file upload-v2.txt (compact mmCIF, C-alpha atoms and all ligand atoms)
# COMPACT_ATOMS: atom_id res chain seq x y z
CA MET A 1 50.33 27.23 -24.18
CA ILE A 2 52.96 29.14 -26.12
CA LEU A 3 52.14 31.99 -28.48
CA SER A 4 54.62 32.07 -31.37
CA ILE A 5 55.27 34.74 -33.98
CA GLU A 6 56.95 34.38 -37.39
CA SER A 7 57.78 37.41 -39.55
CA SER A 8 61.27 36.71 -40.90
CA CYS A 9 60.41 37.24 -44.58
CA ASP A 10 57.08 37.80 -46.31
CA ASP A 11 54.66 35.74 -44.21
CA SER A 12 53.00 37.17 -41.09
CA SER A 13 51.98 34.30 -38.85
CA ILE A 14 50.94 33.62 -35.25
CA ALA A 15 50.26 30.24 -33.62
CA ILE A 16 49.26 28.95 -30.22
CA THR A 17 50.50 25.50 -29.22
CA LYS A 18 49.78 23.43 -26.11
CA ILE A 19 53.05 22.67 -24.36
CA LYS A 20 52.34 19.18 -23.03
CA SER A 21 50.29 17.66 -25.84
CA LYS A 22 51.93 19.72 -28.66
CA GLU A 23 48.41 20.35 -29.99
CA LEU A 24 48.15 23.31 -32.32
CA VAL A 25 45.08 25.21 -31.08
CA PHE A 26 45.40 28.31 -33.25
CA HIS A 27 47.30 29.07 -36.44
CA LYS A 28 46.94 31.86 -38.92
CA LYS A 29 49.18 33.15 -41.65
CA ILE A 30 48.78 36.15 -43.92
CA SER A 31 51.03 35.77 -46.95
CA GLN A 32 52.34 38.84 -48.76
CA GLU A 33 53.21 36.97 -51.96
CA LEU A 34 50.72 38.87 -54.11
CA SER A 35 52.04 42.25 -52.98
CA HIS A 36 55.64 41.32 -53.83
CA SER A 37 54.98 39.34 -57.01
CA LYS A 38 54.87 42.40 -59.27
CA TYR A 39 58.44 43.27 -58.17
CA GLY A 40 59.78 39.75 -58.86
CA GLY A 41 60.96 39.31 -55.27
CA VAL A 42 60.46 40.46 -51.70
CA VAL A 43 60.75 44.24 -51.14
CA PRO A 44 61.91 44.57 -47.51
CA GLU A 45 60.33 47.98 -46.77
CA LEU A 46 56.98 46.77 -48.11
CA ALA A 47 57.29 43.50 -46.17
CA ALA A 48 57.83 45.38 -42.90
CA ARG A 49 54.83 47.64 -43.46
CA LEU A 50 52.61 44.68 -44.28
CA HIS A 51 53.79 42.81 -41.15
CA ALA A 52 52.95 45.90 -39.08
CA LYS A 53 49.41 45.69 -40.46
CA ALA A 54 48.88 41.93 -40.44
CA LEU A 55 50.41 40.82 -37.12
CA PRO A 56 48.08 42.90 -34.89
CA ARG A 57 45.11 41.72 -36.97
CA ILE A 58 46.00 38.07 -36.31
CA LEU A 59 46.77 38.78 -32.65
CA LEU A 60 43.26 40.13 -32.13
CA GLU A 61 41.87 36.77 -33.27
CA CYS A 62 43.67 34.78 -30.58
CA LYS A 63 43.12 37.13 -27.63
CA ALA A 64 40.84 34.57 -25.96
CA TYR A 65 43.88 32.34 -25.25
CA PHE A 66 45.99 35.02 -23.56
CA HIS A 67 45.17 33.93 -19.99
CA GLU A 68 46.42 30.40 -20.77
CA LEU A 69 49.81 31.46 -22.11
CA LYS A 70 53.06 30.44 -20.44
CA ALA A 71 55.55 31.98 -22.88
CA ILE A 72 55.96 34.10 -26.01
CA ALA A 73 58.18 32.76 -28.81
CA VAL A 74 59.48 34.63 -31.82
CA THR A 75 61.80 34.14 -34.80
CA ASN A 76 64.82 36.41 -34.26
CA GLU A 77 67.24 35.00 -36.90
CA PRO A 78 67.97 34.77 -39.85
CA GLY A 79 65.78 36.83 -42.18
CA LEU A 80 65.16 40.36 -43.42
CA SER A 81 66.11 42.77 -40.65
CA VAL A 82 63.09 45.05 -41.03
CA SER A 83 60.75 42.04 -41.11
CA LEU A 84 62.31 40.36 -38.06
CA VAL A 85 62.03 43.60 -36.08
CA GLU A 86 58.24 43.62 -36.48
CA GLY A 87 57.78 40.19 -34.88
CA VAL A 88 60.44 40.69 -32.20
CA SER A 89 58.97 44.06 -31.14
CA MET A 90 55.52 42.53 -30.83
CA ALA A 91 56.93 39.58 -28.84
CA LYS A 92 58.78 41.90 -26.45
CA THR A 93 55.66 43.98 -25.87
CA LEU A 94 53.55 40.87 -25.20
CA SER A 95 56.20 39.42 -22.89
CA LEU A 96 56.34 42.65 -20.90
CA SER A 97 52.62 43.33 -20.72
CA LEU A 98 51.57 39.73 -19.97
CA ASN A 99 54.60 39.11 -17.75
CA LEU A 100 55.66 36.01 -19.67
CA PRO A 101 59.12 34.66 -20.55
CA LEU A 102 60.46 35.21 -24.05
CA ILE A 103 61.83 32.44 -26.28
CA ALA A 104 64.01 33.30 -29.29
CA ILE A 105 63.84 30.83 -32.16
CA ASN A 106 66.20 30.39 -35.09
CA HIS A 107 64.05 30.21 -38.23
CA LEU A 108 66.05 27.24 -39.61
CA ILE A 109 65.54 25.26 -36.40
CA GLY A 110 61.87 26.19 -36.77
CA HIS A 111 61.81 24.58 -40.24
CA MET A 112 63.42 21.45 -38.77
CA TYR A 113 60.61 21.23 -36.19
CA SER A 114 57.97 21.55 -38.95
CA VAL A 115 58.10 17.73 -39.27
CA PHE A 116 57.16 17.44 -35.58
CA ILE A 117 54.14 19.78 -35.48
CA GLN A 118 51.56 18.10 -33.17
CA LYS A 119 54.05 15.21 -32.71
CA GLU A 120 56.84 14.02 -30.45
CA ALA A 121 60.30 14.77 -31.83
CA ILE A 122 62.71 12.04 -32.95
CA PHE A 123 66.45 12.54 -32.45
CA PRO A 124 69.10 11.98 -33.75
CA LEU A 125 67.82 13.26 -37.05
CA GLY A 126 69.34 14.11 -40.42
CA VAL A 127 67.93 17.21 -42.08
CA MET A 128 68.02 18.67 -45.57
CA LEU A 129 66.86 22.29 -45.48
CA VAL A 130 65.81 23.92 -48.76
CA THR A 131 64.50 27.46 -48.44
CA GLY A 132 64.79 30.75 -50.30
CA GLY A 133 67.99 31.58 -48.43
CA HIS A 134 69.56 28.26 -47.43
CA THR A 135 70.50 24.85 -48.80
CA GLN A 136 71.96 22.89 -45.96
CA VAL A 137 72.34 19.35 -44.67
CA PHE A 138 72.91 18.80 -40.98
CA LYS A 139 72.66 16.19 -38.25
CA ILE A 140 70.98 17.07 -34.98
CA ASN A 141 71.50 14.96 -31.87
CA GLU A 142 69.41 14.29 -28.78
CA ASP A 143 70.88 17.29 -26.97
CA GLU A 144 70.12 19.34 -30.11
CA ASN A 145 73.79 19.62 -30.93
CA ILE A 146 74.11 20.38 -34.63
CA LYS A 147 76.76 19.20 -37.06
CA ILE A 148 76.65 20.83 -40.50
CA LEU A 149 77.36 18.26 -43.23
CA ALA A 150 76.90 20.36 -46.36
CA ASN A 151 76.22 23.97 -47.16
CA THR A 152 75.56 26.28 -50.09
CA LEU A 153 78.42 28.22 -51.67
CA ASP A 154 76.19 30.80 -53.36
CA ASP A 155 72.50 30.84 -54.36
CA SER A 156 70.13 28.52 -52.53
CA PHE A 157 67.91 25.86 -54.12
CA GLY A 158 64.68 27.90 -53.70
CA GLU A 159 66.38 31.11 -54.79
CA SER A 160 67.47 29.48 -58.07
CA PHE A 161 63.80 28.67 -58.83
CA ASP A 162 62.89 32.30 -58.05
CA LYS A 163 65.63 33.61 -60.34
CA VAL A 164 64.81 31.25 -63.23
CA ALA A 165 61.14 32.28 -62.95
CA LYS A 166 62.17 35.94 -63.06
CA MET A 167 64.34 35.34 -66.14
CA LEU A 168 61.36 33.68 -67.82
CA ASN A 169 59.20 36.73 -66.96
CA LEU A 170 57.11 34.70 -64.54
CA SER A 171 55.85 35.69 -61.13
CA TYR A 172 57.20 35.37 -57.54
CA PRO A 173 57.72 32.99 -55.74
CA GLY A 174 59.21 31.02 -58.59
CA GLY A 175 59.26 27.58 -56.94
CA PRO A 176 55.64 26.51 -57.38
CA ILE A 177 55.43 28.26 -60.79
CA ILE A 178 58.49 26.46 -62.20
CA GLU A 179 57.30 23.16 -60.70
CA ASN A 180 53.89 23.49 -62.40
CA LEU A 181 55.37 24.61 -65.70
CA ALA A 182 57.85 21.72 -65.66
CA LYS A 183 54.91 19.27 -65.63
CA GLU A 184 54.15 20.32 -69.23
CA GLY A 185 57.77 20.21 -70.40
CA SER A 186 60.49 17.76 -71.42
CA VAL A 187 64.21 17.66 -70.78
CA ILE A 188 65.53 19.02 -74.06
CA TYR A 189 68.38 21.18 -72.73
CA ASN A 190 71.52 19.58 -71.34
CA PHE A 191 72.36 21.73 -68.35
CA SER A 192 75.31 20.28 -66.46
CA VAL A 193 74.97 19.22 -62.83
CA PRO A 194 76.94 21.60 -60.56
CA LEU A 195 80.01 20.24 -58.74
CA SER A 196 79.28 16.71 -59.96
CA ASN A 197 82.99 15.81 -60.24
CA SER A 198 83.94 17.59 -57.04
CA PRO A 199 84.36 15.60 -53.83
CA LYS A 200 83.22 18.73 -51.95
CA LEU A 201 80.03 18.40 -49.92
CA SER A 202 78.72 21.79 -51.02
CA PHE A 203 75.87 23.11 -53.10
CA SER A 204 76.11 25.73 -55.81
CA TYR A 205 73.28 27.11 -57.92
CA SER A 206 74.70 30.30 -59.45
CA GLY A 207 76.41 28.38 -62.30
CA LEU A 208 73.21 26.54 -63.16
CA LYS A 209 71.32 29.85 -63.08
CA ASN A 210 73.85 31.25 -65.58
CA GLN A 211 73.46 28.22 -67.86
CA VAL A 212 69.71 28.88 -67.87
CA ARG A 213 70.27 32.62 -68.51
CA ILE A 214 72.47 31.90 -71.56
CA CYS A 215 69.94 29.36 -72.84
CA ILE A 216 67.12 31.92 -72.52
CA GLU A 217 69.17 34.60 -74.28
CA ASN A 218 69.90 32.25 -77.20
CA GLU A 219 66.46 30.67 -77.48
CA LYS A 220 64.57 31.99 -80.52
CA ASN A 221 61.27 30.35 -79.58
CA LEU A 222 61.25 31.21 -75.90
CA ASP A 223 57.48 31.19 -75.38
CA GLU A 224 57.18 27.69 -76.84
CA ASN A 225 60.07 26.41 -74.75
CA LYS A 226 59.45 27.89 -71.30
CA ALA A 227 58.08 24.59 -69.98
CA ASN A 228 61.03 22.67 -71.45
CA ILE A 229 63.48 25.08 -69.82
CA ALA A 230 61.63 24.75 -66.48
CA LYS A 231 61.70 20.95 -66.70
CA SER A 232 65.37 20.76 -67.80
CA PHE A 233 66.40 23.16 -65.02
CA GLN A 234 64.35 21.45 -62.29
CA GLU A 235 65.76 18.01 -63.14
CA VAL A 236 69.35 19.23 -62.79
CA ALA A 237 68.62 21.32 -59.68
CA ILE A 238 67.22 18.21 -57.95
CA LYS A 239 69.94 15.90 -59.29
CA HIS A 240 72.57 18.17 -57.73
CA LEU A 241 70.90 17.89 -54.30
CA MET A 242 70.55 14.11 -54.64
CA GLN A 243 74.15 13.53 -55.78
CA LYS A 244 75.50 15.26 -52.69
CA LEU A 245 72.95 13.65 -50.40
CA ASN A 246 73.90 10.24 -51.78
CA LYS A 247 77.50 10.93 -50.74
CA ILE A 248 76.33 11.96 -47.28
CA PHE A 249 74.19 8.81 -46.91
CA LYS A 250 77.17 6.66 -47.93
CA PHE A 251 79.35 7.90 -45.10
CA ASN A 252 76.84 8.64 -42.32
CA SER A 253 74.16 6.47 -40.83
CA PHE A 254 70.63 7.79 -40.28
CA SER A 255 67.44 6.07 -39.25
CA HIS A 256 65.27 9.18 -39.93
CA PHE A 257 65.89 12.02 -42.34
CA ALA A 258 63.75 15.15 -42.75
CA LEU A 259 63.28 17.23 -45.90
CA VAL A 260 62.19 20.72 -44.77
CA GLY A 261 61.82 24.33 -45.92
CA GLY A 262 59.58 26.04 -48.46
CA ALA A 263 61.03 24.12 -51.41
CA SER A 264 60.35 20.76 -49.72
CA ALA A 265 56.82 21.13 -51.14
CA ASN A 266 58.24 20.25 -54.56
CA ILE A 267 56.83 16.82 -55.49
CA SER A 268 59.63 15.84 -57.90
CA LEU A 269 62.13 16.63 -55.16
CA ARG A 270 60.14 14.58 -52.64
CA ASN A 271 60.01 11.63 -55.07
CA SER A 272 63.77 11.66 -55.68
CA PHE A 273 64.45 12.09 -51.95
CA GLU A 274 62.15 9.20 -51.12
CA LYS A 275 63.90 6.89 -53.60
CA LEU A 276 67.30 7.74 -52.15
CA CYS A 277 66.06 7.16 -48.59
CA GLN A 278 64.68 3.76 -49.64
CA LYS A 279 68.08 2.77 -51.04
CA TYR A 280 69.69 3.39 -47.65
CA ASN A 281 66.77 2.11 -45.57
CA ILE A 282 66.14 5.55 -44.07
CA LEU A 283 62.69 6.75 -43.01
CA PRO A 284 61.92 10.05 -44.79
CA LEU A 285 60.06 12.74 -42.86
CA TYR A 286 58.18 15.74 -44.29
CA ALA A 287 56.09 18.55 -42.91
CA PRO A 288 52.43 18.64 -43.92
CA MET A 289 52.22 20.70 -47.15
CA GLN A 290 50.70 23.74 -45.39
CA PHE A 291 53.69 23.92 -43.01
CA CYS A 292 56.51 23.64 -45.60
CA SER A 293 56.65 27.39 -46.18
CA ASP A 294 57.16 29.89 -43.36
CA ASN A 295 54.66 29.62 -40.51
CA ALA A 296 54.39 30.23 -36.78
CA ALA A 297 53.29 26.65 -35.97
CA MET A 298 56.84 25.35 -36.53
CA ILE A 299 58.21 28.22 -34.41
CA GLY A 300 55.81 27.27 -31.60
CA ARG A 301 56.79 23.60 -31.85
CA ALA A 302 60.50 24.51 -31.67
CA ALA A 303 59.74 26.76 -28.69
CA ILE A 304 58.31 23.86 -26.66
CA SER A 305 61.71 22.20 -26.59
CA LYS A 306 63.33 25.43 -25.34
CA TYR A 307 60.51 25.96 -22.82
CA GLU A 308 61.09 22.48 -21.37
CA LYS A 309 64.74 23.44 -20.79
CA GLN A 310 63.67 26.85 -19.43
CA ASN A 311 65.86 28.33 -22.13
CA PHE A 312 64.50 31.89 -22.10
CA SER A 313 65.85 35.19 -23.42
CA LEU A 314 65.88 38.43 -21.47
CA ILE A 315 63.83 41.17 -23.03
CA HIS A 316 66.77 43.59 -23.20
CA GLU A 317 69.13 40.93 -24.56
CA ILE A 318 67.14 39.45 -27.42
CA SER A 319 68.15 40.99 -30.71
CA ILE A 320 67.67 40.22 -34.36
CA ASN A 321 70.40 38.46 -36.28
CA PRO A 322 69.52 38.79 -39.98
CA LYS A 323 72.59 37.42 -41.72
CA ILE A 324 73.43 34.15 -39.97
CA LYS A 325 74.42 31.63 -42.68
CA ASN A 326 74.50 28.52 -40.51
CA ILE A 327 72.25 27.35 -37.75
O1 LIG B 1 61.05 28.36 -46.34
P1 LIG B 1 60.47 29.40 -47.22
O2 LIG B 1 58.96 29.56 -47.26
O3 LIG B 1 61.07 30.81 -46.90
C1 LIG B 1 62.42 30.97 -46.53
O4 LIG B 1 62.74 30.71 -45.35
O5 LIG B 1 63.20 31.33 -47.45
O6 LIG B 1 61.01 29.08 -48.70
C2 LIG B 1 60.67 29.89 -49.78
C3 LIG B 1 61.41 29.37 -51.00
C4 LIG B 1 61.24 30.28 -52.22
O7 LIG B 1 62.50 30.43 -52.83
C5 LIG B 1 60.29 29.47 -53.09
O8 LIG B 1 60.42 29.73 -54.48
C6 LIG B 1 60.69 28.06 -52.76
O9 LIG B 1 60.91 28.08 -51.36
N1 LIG B 1 59.63 27.10 -53.09
C7 LIG B 1 59.80 26.09 -53.99
C8 LIG B 1 58.54 25.44 -54.08
N2 LIG B 1 57.66 26.06 -53.22
C9 LIG B 1 58.37 27.06 -52.62
N3 LIG B 1 60.87 25.72 -54.72
C10 LIG B 1 60.71 24.66 -55.55
N4 LIG B 1 59.54 24.01 -55.71
C11 LIG B 1 58.43 24.36 -55.00
N5 LIG B 1 57.28 23.70 -55.16
ZN ZN B 2 61.68 29.72 -44.17

call {"tool": "encode", "arguments": {"input": "upload-v2.txt", "output": "structure tokens"}}
result
Amino acid sequence: MILSIESSCDDSSIAITKIKSKELVFHKKISQELSHSKYGGVVPELAARLHAKALPRILLECKAYFHELKAIAVTNEPGLSVSLVEGVSMAKTLSLSLNLPLIAINHLIGHMYSVFIQKEAIFPLGVMLVTGGHTQVFKINEDENIKILANTLDDSFGESFDKVAKMLNLSYPGGPIIENLAKEGSVIYNFSVPLSNSPKLSFSYSGLKNQVRICIENEKNLDENKANIAKSFQEVAIKHLMQKLNKIFKFNSFSHFALVGGASANISLRNSFEKLCQKYNILPLYAPMQFCSDNAAMIGRAAISKYEKQNFSLIHEISINPKIKNI
């Protein structure tokens, strides 16, 4: 079994996964969302302190499995530096005290593996990653070689939901709040789709965010129109992703394509993605809802593939890498 730790942002999570069968035998996550919501976003110092409290609490619950462990895995990049340090320090200590090899996992690769939790992996695979920090499309081959097909130029998809929610005086994280609010609204504002006339395979959300900001500043009946703003914004945010993905599908062939990351829980996004996949005869893959947002189960599943290749990190070499923009 592999014990995996995730603490890259505001979720403290530990999982234990069987290496051969991929069975998830233990998984627990303590989310800090409530603690950060009053600040409208994640406060790094607070996140680190809460990880320092939560991770040992979860670890105590899975002590019974320690004698069956073969490796310790941990997210070391990208993320908030002070948050990553908490998980990596715990992983190093466990590796040293239990005399087990250490596996460093890239958080974005972890999200990709969220579609294979308790399953065999399928490669080659196309992936659209939509998180709070990244909007990226890539192709991953059998040897796990990655080719980036599209990337974000500024704000990410999830981040734009967080920022629109903040501008509407709503809570954090904005994604699920905007999605729910949009259900009660109609498209009455004509926000333009970013980069729709550009041949570039890039994503950009800061312009759309500004369109929403100006709309909010000029709206006299804001309270009555919050749902309409949420709906109008969400439609365009998704349309932008789908327009670029359509271009990618036109010029690349995929048999399977995964939609992953915290924002992949958005049902309207899933519906649009599914329709596009149908058009190109591609099989869409998703993570179970509970594993869309950050969790240690996906980190453990990613670690199995590194364990099989004996791809370990030395305790004095593993370091955090907060800022990495690509995989
Ligand atoms: O993957 P994740 O849990 O953490 C990062 O690695 O960033 O993604 C969190 C992001 C946040 O920006 C959150 O607002 C967004 O995913 N999100 C959503 C939804 N649920 C979470 N965005 C749109 N619709 C949702 N239903
Ligand atoms: Zn994430």

call {"tool": "closest_atom_pairs", "arguments": {"input": "upload-v2.txt", "of": "chain A", "to": "ligand LIG 1 (chain B)", "cutoff": "9 Å", "atoms": "all atoms listed in the file", "output": "JSON lines"}}
result
{"residue": "A:Ser8", "atom": "CA", "partner": "B:LIG1", "partner_atom": "O4", "distance": 7.6}
{"residue": "A:Cys9", "atom": "CA", "partner": "B:LIG1", "partner_atom": "C1", "distance": 6.9}
{"residue": "A:Asp10", "atom": "CA", "partner": "B:LIG1", "partner_atom": "O3", "distance": 8.1}
{"residue": "A:Asp11", "atom": "CA", "partner": "B:LIG1", "partner_atom": "O2", "distance": 8.1}
{"residue": "A:Pro78", "atom": "CA", "partner": "B:LIG1", "partner_atom": "O4", "distance": 8.6}
{"residue": "A:Gly79", "atom": "CA", "partner": "B:LIG1", "partner_atom": "O4", "distance": 7.5}
{"residue": "A:His107", "atom": "CA", "partner": "B:LIG1", "partner_atom": "O4", "distance": 7.3}
{"residue": "A:Leu108", "atom": "CA", "partner": "B:LIG1", "partner_atom": "O4", "distance": 7.5}
{"residue": "A:His111", "atom": "CA", "partner": "B:LIG1", "partner_atom": "O1", "distance": 7.2}
{"residue": "A:Leu129", "atom": "CA", "partner": "B:LIG1", "partner_atom": "O1", "distance": 8.4}
{"residue": "A:Val130", "atom": "CA", "partner": "B:LIG1", "partner_atom": "O9", "distance": 6.9}
{"residue": "A:Thr131", "atom": "CA", "partner": "B:LIG1", "partner_atom": "O6", "distance": 3.9}
{"residue": "A:Gly132", "atom": "CA", "partner": "B:LIG1", "partner_atom": "O5", "distance": 3.3}
{"residue": "A:Gly133", "atom": "CA", "partner": "B:LIG1", "partner_atom": "O5", "distance": 4.9}
{"residue": "A:His134", "atom": "CA", "partner": "B:LIG1", "partner_atom": "O5", "distance": 7.1}
{"residue": "A:Ser156", "atom": "CA", "partner": "B:LIG1", "partner_atom": "O7", "distance": 7.9}
{"residue": "A:Phe157", "atom": "CA", "partner": "B:LIG1", "partner_atom": "N3", "distance": 7.1}
{"residue": "A:Gly158", "atom": "CA", "partner": "B:LIG1", "partner_atom": "O7", "distance": 3.5}
{"residue": "A:Glu159", "atom": "CA", "partner": "B:LIG1", "partner_atom": "O7", "distance": 4.4}
{"residue": "A:Ser160", "atom": "CA", "partner": "B:LIG1", "partner_atom": "O7", "distance": 7.3}
{"residue": "A:Phe161", "atom": "CA", "partner": "B:LIG1", "partner_atom": "O8", "distance": 5.6}
{"residue": "A:Asp162", "atom": "CA", "partner": "B:LIG1", "partner_atom": "O8", "distance": 5.0}
{"residue": "A:Lys163", "atom": "CA", "partner": "B:LIG1", "partner_atom": "O7", "distance": 8.7}
{"residue": "A:Ala165", "atom": "CA", "partner": "B:LIG1", "partner_atom": "O8", "distance": 8.9}
{"residue": "A:Tyr172", "atom": "CA", "partner": "B:LIG1", "partner_atom": "O8", "distance": 7.2}
{"residue": "A:Pro173", "atom": "CA", "partner": "B:LIG1", "partner_atom": "O8", "distance": 4.4}
{"residue": "A:Gly174", "atom": "CA", "partner": "B:LIG1", "partner_atom": "O8", "distance": 4.5}
{"residue": "A:Gly175", "atom": "CA", "partner": "B:LIG1", "partner_atom": "N3", "distance": 3.3}
{"residue": "A:Pro176", "atom": "CA", "partner": "B:LIG1", "partner_atom": "N5", "distance": 3.9}
{"residue": "A:Ile177", "atom": "CA", "partner": "B:LIG1", "partner_atom": "N5", "distance": 7.5}
{"residue": "A:Ile178", "atom": "CA", "partner": "B:LIG1", "partner_atom": "N4", "distance": 7.0}
{"residue": "A:Glu179", "atom": "CA", "partner": "B:LIG1", "partner_atom": "N4", "distance": 5.5}
{"residue": "A:Asn180", "atom": "CA", "partner": "B:LIG1", "partner_atom": "N5", "distance": 8.0}
{"residue": "A:Gln234", "atom": "CA", "partner": "B:LIG1", "partner_atom": "C10", "distance": 8.3}
{"residue": "A:Val260", "atom": "CA", "partner": "B:LIG1", "partner_atom": "O1", "distance": 7.9}
{"residue": "A:Gly261", "atom": "CA", "partner": "B:LIG1", "partner_atom": "O1", "distance": 4.1}
{"residue": "A:Gly262", "atom": "CA", "partner": "B:LIG1", "partner_atom": "O6", "distance": 3.4}
{"residue": "A:Ala263", "atom": "CA", "partner": "B:LIG1", "partner_atom": "C7", "distance": 3.5}
{"residue": "A:Ser264", "atom": "CA", "partner": "B:LIG1", "partner_atom": "C8", "distance": 6.6}
{"residue": "A:Ala265", "atom": "CA", "partner": "B:LIG1", "partner_atom": "N5", "distance": 4.8}
{"residue": "A:Asn266", "atom": "CA", "partner": "B:LIG1", "partner_atom": "N5", "distance": 3.6}
{"residue": "A:Ile267", "atom": "CA", "partner": "B:LIG1", "partner_atom": "N5", "distance": 6.9}
{"residue": "A:Ser268", "atom": "CA", "partner": "B:LIG1", "partner_atom": "N4", "distance": 8.5}
{"residue": "A:Leu269", "atom": "CA", "partner": "B:LIG1", "partner_atom": "N4", "distance": 7.8}
{"residue": "A:Phe291", "atom": "CA", "partner": "B:LIG1", "partner_atom": "O2", "distance": 8.8}
{"residue": "A:Cys292", "atom": "CA", "partner": "B:LIG1", "partner_atom": "O1", "distance": 6.6}
{"residue": "A:Ser293", "atom": "CA", "partner": "B:LIG1", "partner_atom": "O2", "distance": 3.3}
{"residue": "A:Asp294", "atom": "CA", "partner": "B:LIG1", "partner_atom": "O2", "distance": 4.3}
{"residue": "A:Asn295", "atom": "CA", "partner": "B:LIG1", "partner_atom": "O2", "distance": 8.0}

call {"tool": "closest_residue", "arguments": {"input": "upload-v2.txt", "among": "A:Ala150, A:Ala230, A:Met298, A:Leu34", "to": "ligand ZN 2 (chain B)", "atoms": "all atoms listed in the file"}}
result
A:Met298

call {"tool": "closest_residue", "arguments": {"input": "upload-v2.txt", "among": "A:Ile216, A:Leu283, A:Met112, A:Ala15", "to": "ligand ZN 2 (chain B)", "atoms": "only C-alpha atoms and all ligand atoms"}}
result
A:Met112

call {"tool": "atom_distance", "arguments": {"input": "upload-v2.txt", "atom1": "CA of Phe191 in chain A", "atom2": "CA of Gly126 in chain A"}}
result
29.1 Å

call {"tool": "residues_around", "arguments": {"input": "upload-v2.txt", "residues": "Glu274 in chain A", "least_positions_apart": "4", "cutoff": "7 Å", "atoms": "only C-alpha atoms", "output": "list in words"}}
result
Arg270, Gln278 and Pro284 of chain A

call {"tool": "residues_around", "arguments": {"input": "upload-v2.txt", "residues": "Ser7 in chain A", "least_positions_apart": "2", "cutoff": "7 Å", "atoms": "all atoms listed in the file", "output": "MDAnalysis selection string"}}
result
chainID A and resid 5 9:13 51 83:84 86:87

call {"tool": "atom_distance", "arguments": {"input": "upload-v2.txt", "atom1": "CA of Ser97 in chain A", "atom2": "CA of Lys20 in chain A"}}
result
24.3 Å

call {"tool": "closest_residue", "arguments": {"input": "upload-v2.txt", "among": "A:Val115, A:Ile14, A:Leu201, A:Ala182", "to": "Phe251 in chain A", "atoms": "all atoms listed in the file"}}
result
A:Leu201

call {"tool": "closest_residue", "arguments": {"input": "upload-v2.txt", "among": "A:Asn151, A:Gln243, A:Ser114, A:Asn197", "to": "ligand ZN 2 (chain B)", "atoms": "only C-alpha atoms and all ligand atoms"}}
result
A:Ser114

call {"tool": "closest_residue", "arguments": {"input": "upload-v2.txt", "among": "A:Ser253, A:Ser198, A:Thr135, A:Ser305", "to": "Asn281 in chain A", "atoms": "all atoms listed in the file"}}
result
A:Ser253

call {"tool": "closest_residue", "arguments": {"input": "upload-v2.txt", "among": "A:Asn169, A:Ala121, A:Ala52, A:Ser202", "to": "Asp154 in chain A", "atoms": "only C-alpha atoms"}}
result
A:Ser202

call {"tool": "residues_near_point", "arguments": {"input": "upload-v2.txt", "point": "(65.0, 15.8, -72.7)", "cutoff": "10 Å", "atoms": "all atoms listed in the file", "output": "PyMOL selection string"}}
result
chain A and resi 185-190+228-229+231-232+235

call {"tool": "residues_around", "arguments": {"input": "upload-v2.txt", "residues": "Val137 in chain A", "least_positions_apart": "3", "cutoff": "6 Å", "atoms": "all atoms listed in the file", "output": "PyMOL selection string"}}
result
chain A and resi 127-128+149-150

call {"tool": "residues_around", "arguments": {"input": "upload-v2.txt", "residues": "range 238-242 of chain A", "least_positions_apart": "5", "cutoff": "8 Å", "atoms": "only C-alpha atoms", "output": "list in words"}}
result
Val193, Pro194, Leu195, Ser196, Phe203, Ser268, Leu269, Ser272, Phe273 and Leu276 of chain A

call {"tool": "atom_distance", "arguments": {"input": "upload-v2.txt", "atom1": "CA of Ser81 in chain A", "atom2": "CA of Pro101 in chain A"}}
result
22.8 Å

call {"tool": "residues_around", "arguments": {"input": "upload-v2.txt", "residues": "Val25 in chain A", "least_positions_apart": "6", "cutoff": "10 Å", "atoms": "all atoms listed in the file", "output": "list of chain:residue names"}}
result
A:Met1, A:Ala15, A:Ile16, A:Thr17, A:Lys18, A:Cys62, A:Tyr65, A:Gln118, A:Ala297

call {"tool": "build_atoms", "arguments": {"input": "upload-v2.txt", "residues": "range 203-210 of chain A", "atoms": "N, CA and C atoms", "output": "mmCIF file, keeping the file's coordinate frame"}}
result
data_model
loop_
_atom_site.group_PDB
_atom_site.id
_atom_site.type_symbol
_atom_site.label_atom_id
_atom_site.label_comp_id
_atom_site.auth_asym_id
_atom_site.auth_seq_id
_atom_site.Cartn_x
_atom_site.Cartn_y
_atom_site.Cartn_z
ATOM 1 N N PHE A 203 76.853 22.877 -52.043
ATOM 2 C CA PHE A 203 75.870 23.110 -53.100
ATOM 3 C C PHE A 203 76.171 24.435 -53.782
ATOM 4 N N SER A 204 75.903 24.483 -55.067
ATOM 5 C CA SER A 204 76.110 25.730 -55.810
ATOM 6 C C SER A 204 75.039 25.833 -56.895
ATOM 7 N N TYR A 205 74.335 26.946 -56.917
ATOM 8 C CA TYR A 205 73.280 27.110 -57.920
ATOM 9 C C TYR A 205 73.508 28.307 -58.853
ATOM 10 N N SER A 206 74.563 29.103 -58.605
ATOM 11 C CA SER A 206 74.700 30.300 -59.450
ATOM 12 C C SER A 206 75.154 29.908 -60.863
ATOM 13 N N GLY A 207 75.964 28.836 -60.981
ATOM 14 C CA GLY A 207 76.410 28.380 -62.300
ATOM 15 C C GLY A 207 75.238 27.854 -63.117
ATOM 16 N N LEU A 208 74.389 27.090 -62.469
ATOM 17 C CA LEU A 208 73.210 26.540 -63.160
ATOM 18 C C LEU A 208 72.294 27.682 -63.618
ATOM 19 N N LYS A 209 72.141 28.666 -62.742
ATOM 20 C CA LYS A 209 71.320 29.850 -63.080
ATOM 21 C C LYS A 209 71.892 30.530 -64.338
ATOM 22 N N ASN A 210 73.227 30.623 -64.408
ATOM 23 C CA ASN A 210 73.850 31.250 -65.580
ATOM 24 C C ASN A 210 73.662 30.421 -66.838
#
